[in-house]
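One file, final30.cif, carrying mmCIF, C-alpha atoms and all ligand atoms:
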data_data
loop_
_atom_site.label_atom_id
_atom_site.label_comp_id
_atom_site.auth_asym_id
_atom_site.auth_seq_id
_atom_site.Cartn_x
_atom_site.Cartn_y
_atom_site.Cartn_z
CA MET A 388 -152.68 -91.55 178.97
CA ASN A 389 -151.11 -94.98 178.79
CA ARG A 390 -149.45 -95.36 175.46
CA HIS A 391 -147.30 -98.31 176.43
CA SER A 392 -148.44 -101.88 175.97
CA SER A 393 -149.34 -104.07 178.93
CA ALA A 394 -145.74 -105.24 179.23
CA PRO A 395 -144.48 -106.38 182.63
CA PRO A 396 -142.78 -103.87 184.93
CA SER A 397 -139.76 -102.72 183.08
CA PRO A 398 -136.39 -101.21 183.89
CA ALA A 399 -136.04 -97.47 184.03
CA ALA A 400 -134.11 -97.58 180.77
CA ARG A 401 -137.33 -98.16 178.81
CA PHE A 402 -138.64 -94.77 179.79
CA THR A 403 -136.48 -92.29 177.98
CA ALA A 404 -139.01 -89.86 176.53
CA VAL A 405 -142.06 -87.85 177.43
CA PRO A 406 -144.70 -88.96 174.88
CA VAL A 407 -145.29 -86.46 172.09
CA PRO A 408 -148.72 -86.81 170.40
CA ASP A 409 -148.59 -88.22 166.86
CA GLY A 410 -148.03 -85.50 164.31
CA ALA A 411 -147.36 -82.78 166.91
CA ALA A 412 -144.10 -80.85 166.92
CA PRO A 413 -142.48 -80.75 170.38
CA LEU A 414 -142.54 -77.30 171.95
CA ILE A 415 -139.09 -77.86 173.45
CA ARG A 416 -136.40 -79.86 171.67
CA VAL A 417 -133.07 -80.67 173.26
CA ALA A 418 -130.56 -82.84 171.41
CA HIS A 419 -127.17 -83.95 172.69
CA LEU A 420 -127.01 -80.99 175.07
CA THR A 421 -123.74 -80.78 176.96
CA LYS A 422 -122.78 -77.99 179.31
CA ALA A 423 -119.66 -77.83 181.44
CA TYR A 424 -118.56 -75.26 184.00
CA ARG A 425 -114.79 -74.88 183.88
CA GLY A 426 -114.45 -78.36 182.40
CA ARG A 427 -116.81 -79.98 184.93
CA PRO A 428 -119.92 -81.38 183.21
CA ALA A 429 -123.32 -80.18 184.49
CA LEU A 430 -125.29 -81.63 181.56
CA ALA A 431 -123.99 -84.51 179.46
CA ASP A 432 -125.44 -85.50 176.07
CA LEU A 433 -129.03 -84.78 177.11
CA THR A 434 -131.72 -85.46 174.52
CA LEU A 435 -135.31 -84.60 175.35
CA ASP A 436 -138.50 -83.47 173.57
CA LEU A 437 -141.35 -81.87 175.49
CA PRO A 438 -144.77 -81.25 173.93
CA ALA A 439 -147.30 -78.51 174.66
CA GLY A 440 -150.10 -79.31 177.08
CA ARG A 441 -147.96 -81.08 179.67
CA ILE A 442 -146.96 -80.37 183.26
CA VAL A 443 -143.53 -81.88 183.58
CA GLY A 444 -141.77 -82.59 186.87
CA LEU A 445 -138.03 -82.08 186.36
CA MET A 446 -136.59 -84.11 189.17
CA GLY A 447 -133.12 -84.92 190.37
CA SER A 448 -130.86 -84.82 193.37
CA ASN A 449 -128.78 -81.75 194.22
CA GLY A 450 -126.38 -80.88 191.44
CA SER A 451 -128.04 -83.10 188.83
CA GLY A 452 -128.33 -80.22 186.33
CA LYS A 453 -131.95 -79.05 186.71
CA THR A 454 -131.19 -75.35 187.11
CA THR A 455 -128.60 -75.45 184.34
CA LEU A 456 -131.14 -76.98 181.95
CA LEU A 457 -133.84 -74.44 182.86
CA LYS A 458 -131.42 -71.52 182.46
CA ILE A 459 -130.45 -72.74 179.00
CA LEU A 460 -134.12 -73.11 178.01
CA ALA A 461 -134.84 -69.64 179.42
CA GLY A 462 -132.07 -68.15 177.30
CA LEU A 463 -129.90 -67.14 180.26
CA LEU A 464 -126.98 -69.45 179.48
CA SER A 465 -125.85 -69.42 175.89
CA GLU A 466 -122.59 -71.33 175.98
CA TYR A 467 -123.32 -75.00 175.48
CA ASP A 468 -122.88 -77.80 172.94
CA GLY A 469 -125.79 -79.49 171.23
CA GLN A 470 -129.11 -78.24 169.85
CA VAL A 471 -131.88 -76.51 171.77
CA ARG A 472 -135.14 -75.14 170.35
CA VAL A 473 -138.03 -73.45 172.12
CA GLY A 474 -140.84 -73.31 169.61
CA GLU A 475 -138.91 -72.69 166.42
CA TYR A 476 -136.21 -70.61 168.08
CA VAL A 477 -132.76 -71.14 169.44
CA PRO A 478 -132.98 -69.69 173.00
CA GLY A 479 -132.60 -65.92 172.66
CA PRO A 480 -134.73 -62.77 172.43
CA GLN A 481 -137.51 -64.41 170.34
CA SER A 482 -137.81 -67.51 172.52
CA LYS A 483 -137.74 -65.36 175.68
CA ALA A 484 -141.03 -63.82 174.55
CA LEU A 485 -142.59 -67.30 174.75
CA VAL A 486 -141.09 -68.29 178.09
CA ALA A 487 -142.03 -67.27 181.64
CA PHE A 488 -139.13 -68.24 183.91
CA LEU A 489 -139.26 -68.38 187.70
CA PRO A 490 -135.62 -68.56 188.84
CA ASP A 491 -134.65 -70.20 192.12
CA ALA A 492 -133.11 -66.93 193.32
CA ASP A 493 -134.72 -63.58 194.16
CA PHE A 494 -135.27 -61.44 191.10
CA LEU A 495 -137.25 -58.57 192.63
CA ALA A 496 -135.95 -55.51 194.45
CA PRO A 497 -136.67 -55.92 198.19
CA GLU A 498 -138.31 -52.47 198.37
CA LEU A 499 -141.16 -53.46 196.04
CA LYS A 500 -144.71 -53.91 197.25
CA ALA A 501 -147.07 -56.18 195.32
CA GLU A 502 -148.69 -53.40 193.28
CA GLN A 503 -145.29 -51.88 192.41
CA ALA A 504 -144.04 -55.27 191.26
CA ILE A 505 -147.16 -55.68 189.12
CA ALA A 506 -146.55 -52.26 187.56
CA MET A 507 -142.96 -53.23 186.81
CA PHE A 508 -144.00 -56.51 185.15
CA SER A 509 -146.64 -54.60 183.11
CA ARG A 510 -143.85 -52.44 181.71
CA LEU A 511 -141.47 -55.35 181.10
CA PHE A 512 -143.73 -57.98 179.50
CA SER A 513 -146.32 -57.39 176.79
CA ASP A 514 -148.01 -60.71 177.64
CA PHE A 515 -148.41 -59.78 181.33
CA ASP A 516 -151.99 -59.78 182.63
CA ALA A 517 -152.01 -57.39 185.61
CA ASP A 518 -155.56 -58.34 186.64
CA ARG A 519 -154.59 -61.98 186.75
CA ALA A 520 -151.58 -61.10 188.94
CA ARG A 521 -153.90 -59.19 191.32
CA GLU A 522 -156.24 -62.20 191.46
CA LEU A 523 -153.32 -64.40 192.46
CA VAL A 524 -152.09 -61.89 195.05
CA GLU A 525 -155.64 -61.95 196.45
CA PHE A 526 -155.81 -65.77 196.30
CA PHE A 527 -152.55 -66.01 198.25
CA GLY A 528 -153.80 -63.43 200.76
CA LEU A 529 -150.65 -61.32 200.38
CA PRO A 530 -150.43 -58.06 202.31
CA LYS A 531 -150.63 -55.06 199.97
CA ASP A 532 -148.91 -52.66 202.36
CA ARG A 533 -145.72 -54.67 202.90
CA SER A 534 -142.60 -54.61 200.73
CA LEU A 535 -140.85 -57.81 199.79
CA LYS A 536 -138.25 -57.33 202.52
CA GLU A 537 -141.07 -57.14 205.07
CA MET A 538 -142.66 -60.35 203.83
CA SER A 539 -141.90 -63.89 204.98
CA LYS A 540 -140.06 -66.25 202.63
CA GLY A 541 -143.32 -67.99 201.73
CA MET A 542 -145.07 -64.67 201.00
CA GLY A 543 -142.20 -63.58 198.78
CA GLU A 544 -142.38 -66.82 196.83
CA LYS A 545 -146.15 -66.39 196.41
CA LEU A 546 -145.62 -62.88 195.01
CA ARG A 547 -142.99 -64.13 192.55
CA VAL A 548 -145.29 -66.98 191.47
CA SER A 549 -148.18 -64.49 191.03
CA LEU A 550 -146.05 -62.41 188.66
CA ILE A 551 -144.67 -65.27 186.60
CA MET A 552 -147.98 -67.13 186.26
CA ALA A 553 -149.72 -63.92 185.19
CA ARG A 554 -147.75 -63.91 181.97
CA ARG A 555 -149.64 -65.41 179.03
CA ALA A 556 -146.69 -67.50 177.95
CA SER A 557 -146.42 -70.74 175.97
CA VAL A 558 -143.79 -72.21 178.28
CA TYR A 559 -143.49 -71.82 182.06
CA LEU A 560 -140.21 -72.84 183.63
CA LEU A 561 -140.40 -72.91 187.43
CA ASP A 562 -137.15 -73.60 189.25
CA GLU A 563 -137.85 -74.99 192.72
CA PRO A 564 -141.00 -72.92 193.30
CA ILE A 565 -141.76 -74.62 196.62
CA SER A 566 -138.35 -75.15 198.17
CA GLY A 567 -137.88 -73.37 201.46
CA VAL A 568 -141.58 -73.02 202.28
CA ASP A 569 -143.63 -75.05 204.73
CA PRO A 570 -145.75 -77.98 203.48
CA ALA A 571 -149.08 -76.10 203.76
CA ALA A 572 -147.68 -73.16 201.80
CA ARG A 573 -146.35 -75.59 199.18
CA ASP A 574 -149.88 -76.85 198.50
CA VAL A 575 -151.23 -73.30 198.29
CA ILE A 576 -148.46 -72.23 195.91
CA LEU A 577 -149.07 -75.24 193.66
CA SER A 578 -152.81 -74.57 193.53
CA GLY A 579 -152.05 -70.94 192.64
CA VAL A 580 -149.75 -72.16 189.87
CA LEU A 581 -152.56 -74.30 188.44
CA GLN A 582 -155.27 -71.61 188.70
CA GLY A 583 -156.13 -70.43 185.22
CA PHE A 584 -153.19 -72.33 183.74
CA ASP A 585 -153.65 -72.59 179.98
CA PRO A 586 -153.93 -76.34 179.22
CA GLU A 587 -152.27 -75.71 175.85
CA ALA A 588 -149.12 -74.37 177.52
CA LEU A 589 -146.13 -76.39 178.73
CA MET A 590 -144.98 -76.17 182.33
CA VAL A 591 -141.70 -77.57 183.63
CA ILE A 592 -141.33 -77.59 187.42
CA SER A 593 -137.96 -78.51 188.87
CA THR A 594 -137.94 -79.98 192.34
CA HIS A 595 -136.61 -82.62 194.65
CA LEU A 596 -139.82 -82.45 196.70
CA ILE A 597 -141.40 -85.18 194.60
CA ALA A 598 -144.28 -86.06 196.91
CA ASP A 599 -145.47 -82.45 196.89
CA VAL A 600 -145.56 -82.04 193.13
CA GLU A 601 -146.59 -85.60 192.28
CA PRO A 602 -150.34 -84.79 192.33
CA ILE A 603 -149.99 -82.05 189.72
CA VAL A 604 -147.46 -83.40 187.20
CA ASP A 605 -148.48 -85.60 184.29
CA SER A 606 -144.96 -86.24 183.00
CA VAL A 607 -141.59 -86.76 184.58
CA VAL A 608 -137.94 -86.23 183.72
CA PHE A 609 -135.35 -87.62 186.13
CA LEU A 610 -131.83 -86.24 185.78
CA LYS A 611 -128.80 -87.77 187.42
CA ASP A 612 -125.29 -86.34 187.15
CA GLY A 613 -126.39 -84.25 184.17
CA ARG A 614 -127.74 -87.24 182.28
CA LEU A 615 -131.25 -88.41 181.54
CA LEU A 616 -132.05 -91.22 183.95
CA LEU A 617 -135.63 -91.69 182.81
CA ALA A 618 -138.50 -89.75 181.33
CA GLY A 619 -142.09 -90.58 180.61
CA ASP A 620 -145.76 -90.25 181.34
CA ALA A 621 -146.33 -90.18 185.11
CA ASP A 622 -149.17 -92.74 185.03
CA ASP A 623 -147.14 -95.10 182.81
CA LEU A 624 -144.17 -94.89 185.17
CA ARG A 625 -146.28 -95.55 188.26
CA GLU A 626 -147.94 -98.51 186.56
CA ALA A 627 -144.76 -100.06 185.17
CA HIS A 628 -142.87 -99.75 188.44
CA GLY A 629 -145.81 -100.37 190.74
CA MET A 630 -144.97 -97.43 192.97
CA SER A 631 -145.42 -93.69 193.34
CA LEU A 632 -143.01 -91.30 191.68
CA ASP A 633 -141.79 -90.39 195.14
CA ALA A 634 -140.95 -94.04 195.90
CA LEU A 635 -139.39 -94.44 192.45
CA PHE A 636 -137.23 -91.35 193.01
CA ARG A 637 -136.03 -92.69 196.37
CA LYS A 638 -135.21 -96.05 194.75
CA GLU A 639 -133.37 -94.59 191.76
CA TYR A 640 -131.34 -92.06 193.78
CA ARG A 641 -130.48 -94.28 196.72
N1 LIG A 701 -122.08 -70.99 187.93
C1 LIG A 701 -121.54 -72.19 188.14
N2 LIG A 701 -120.20 -72.34 188.15
C2 LIG A 701 -119.63 -73.56 188.33
N3 LIG A 701 -120.32 -74.71 188.51
C3 LIG A 701 -121.67 -74.61 188.51
C4 LIG A 701 -122.33 -73.36 188.33
N4 LIG A 701 -123.69 -73.59 188.37
C5 LIG A 701 -123.84 -74.91 188.58
N5 LIG A 701 -122.63 -75.53 188.65
C6 LIG A 701 -122.40 -76.97 188.85
O1 LIG A 701 -123.16 -77.68 187.85
C7 LIG A 701 -123.75 -78.83 188.40
C8 LIG A 701 -125.25 -78.78 188.19
O2 LIG A 701 -125.78 -77.71 188.97
P1 LIG A 701 -127.30 -77.28 188.91
O3 LIG A 701 -127.45 -76.07 189.76
O4 LIG A 701 -127.72 -77.19 187.48
O5 LIG A 701 -128.02 -78.55 189.57
P2 LIG A 701 -129.45 -78.68 190.26
O6 LIG A 701 -129.96 -80.02 189.86
O7 LIG A 701 -130.30 -77.50 189.90
O8 LIG A 701 -129.08 -78.66 191.80
P3 LIG A 701 -129.95 -78.21 193.09
O9 LIG A 701 -131.09 -79.18 193.23
O10 LIG A 701 -128.95 -78.32 194.21
O11 LIG A 701 -130.41 -76.80 192.85
C9 LIG A 701 -123.32 -78.90 189.86
O12 LIG A 701 -122.19 -79.75 189.95
C10 LIG A 701 -122.93 -77.47 190.18
O13 LIG A 701 -121.94 -77.42 191.15
#

Is it possible to express this structure as structure tokens?
Ligand SMILES: Nc1ncnc2c1ncn2[C@@H]1O[C@H](COP(=O)(O)OP(=O)(O)OP(=O)(O)O)[C@@H](O)[C@H]1O
Amino acid sequence: MNRHSSAPPSPAARFTAVPVPDGAAPLIRVAHLTKAYRGRPALADLTLDLPAGRIVGLMGSNGSGKTTLLKILAGLLSEYDGQVRVGEYVPGPQSKALVAFLPDADFLAPELKAEQAIAMFSRLFSDFDADRARELVEFFGLPKDRSLKEMSKGMGEKLRVSLIMARRASVYLLDEPISGVDPAARDVILSGVLQGFDPEALMVISTHLIADVEPIVDSVVFLKDGRLLLAGDADDLREAHGMSLDALFRKEYR
């Protein structure tokens, strides 16, 4: 994984890109992306390429622009400056077919039980694998006879993750999939996310719970105030800074 030379520990500024294999086209390309809400910048001149086959931790303190970036990549926010490509597409109907997006807010009707939600996703998405969703529901031990409103917060999140990860997408964008659930449930959710994950796909997981996702990410993007603070291979960053990503995050955001 280490593509950097054996240079001494270096400042964060050296790590400004997730490595893209030689000759490969990035799956996501973002160039000079700027997005403001009523004149207040949420993303400022962000440039970032992400290749297929990576699990990227999108990290940053509250308000650093993670959700805004994911919504733009998912095609839900279309007013921005700069260039964005998912595969060969500007975010829109064609790119949406490639992208499975787990928003940080509820997106399912509270009356739905697991099997009804699976039926709905089968109708909505041609790449949805209902058997895979049922396997995940089973893996998470979710009750089949309870609707979403009768489930705990952690159960609801597990159902949403089961649905999103059962799409056969090229890009998975997960916005805070483990926030608001207890530490044991976080581990279970993350192992569910990884189960059967296509190694050729790209996954971007936004979080500020760095220690929890650190074991599963191989690349990192740190945002601060809508700008790229650093980005790189997780092993390279740990080696160059001589600390875990969690410790690095605490140092950079102090
Ligand atoms: N719909 C909106 N209208 C106005 N301002 C917004 C809106 N959505 C986000 N913002 C602002 O944009 C900035 C970035 O917000 P965003 O939600 O992208 O950050 P985040 O890193 O996902 O934060 P968190 O970790 O708290 O979820 C913040 O200053 C926020 O207040």

Please identify all polymer residues within 9 Å of A:Leu489, counting all atoms listed in the file, omitting same-chain residues fewer than 5 positions from it, and present them as JSON, numbers by chain. {"A": [494, 547, 548, 551, 552, 559, 560, 561, 562, 563, 564]}

When you draw a straight line from atom CA of A:Leu577 to atom CA of A:Ala634, how long is it in Å? 20.6 Å

Please measure the separation of atom C10 of ligand LIG 701 (chain A) and atom CA of A:Glu601, giving the value in Å to one decimal.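 Computing it gives 25.1 Å between the two atoms.
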
Find the residues near ligand LIG 701 (chain A). Use a cut-off of 6 Å, count only C-alpha atoms and all ligand atoms, and write them as a VMD selection string. chain A and resid 424 429 447 to 455

For stretch 444-487 of chain A versus stretch 495-515 of chain A, which residues have an atom no more than 12 Å away, and what is each residue's nearest atom pair and distance in Å rounded to one decimal, using all atoms listed in the file, chain-then-number order, as CSV?
residue,atom,partner,partner_atom,distance
A:Lys483,CA,A:Phe512,CA,10.2
A:Ala484,CA,A:Phe512,CA,8.1
A:Leu485,CA,A:Asp514,CA,9.0
A:Val486,CA,A:Asp514,CA,10.3
A:Ala487,CA,A:Phe512,CA,9.7

Tell me which of A:Val591, A:Leu617, A:Ala553, A:Val558 sits closest to A:Leu445, counting only C-alpha atoms.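 Counting only C-alpha atoms, the residue closest to A:Leu445 is A:Val591.
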
Give me the residues within 12 Å of stretch 470-477 of chain A as a count of residues only, counting only C-alpha atoms and dropping any in the same chain fewer than 4 places off. 44

Between atom CA of A:Pro428 and atom CA of A:Lys611, measure the distance and give it in Å to one decimal. 11.7 Å

Mind checking which residues fall within 12 Å of A:Leu632, counting only C-alpha atoms, ignoring those fewer than 6 positions away in the same chain, and posting them as a PyMOL selection string? chain A and resi 444-447+595-609+617-626+638-640

Could you put an axis-aligned box around every listed atom of stretch 423-434 of chain A, padded by 6 Å on each side, and send me its centre and edge lengths in Å to one decimal, as lines of an AutoDock Vina configuration file?
center_x = -123.1
center_y = -80.2
center_z = 179.7
size_x = 29.3
size_y = 22.6
size_z = 22.4

Just the residues within 10 Å of A:Glu525, please, counting all atoms listed in the file, with nothing from its chain fewer than 6 positions along; format it as an mmCIF file with C-alpha atoms, in the frame of the given file.
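Writing done, so here's around.cif:
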data_model
loop_
_atom_site.group_PDB
_atom_site.id
_atom_site.type_symbol
_atom_site.label_atom_id
_atom_site.label_comp_id
_atom_site.auth_asym_id
_atom_site.auth_seq_id
_atom_site.Cartn_x
_atom_site.Cartn_y
_atom_site.Cartn_z
ATOM 1 C CA ARG A 519 -154.590 -61.980 186.750
ATOM 2 C CA LYS A 531 -150.630 -55.060 199.970
ATOM 3 C CA SER A 549 -148.180 -64.490 191.030
#
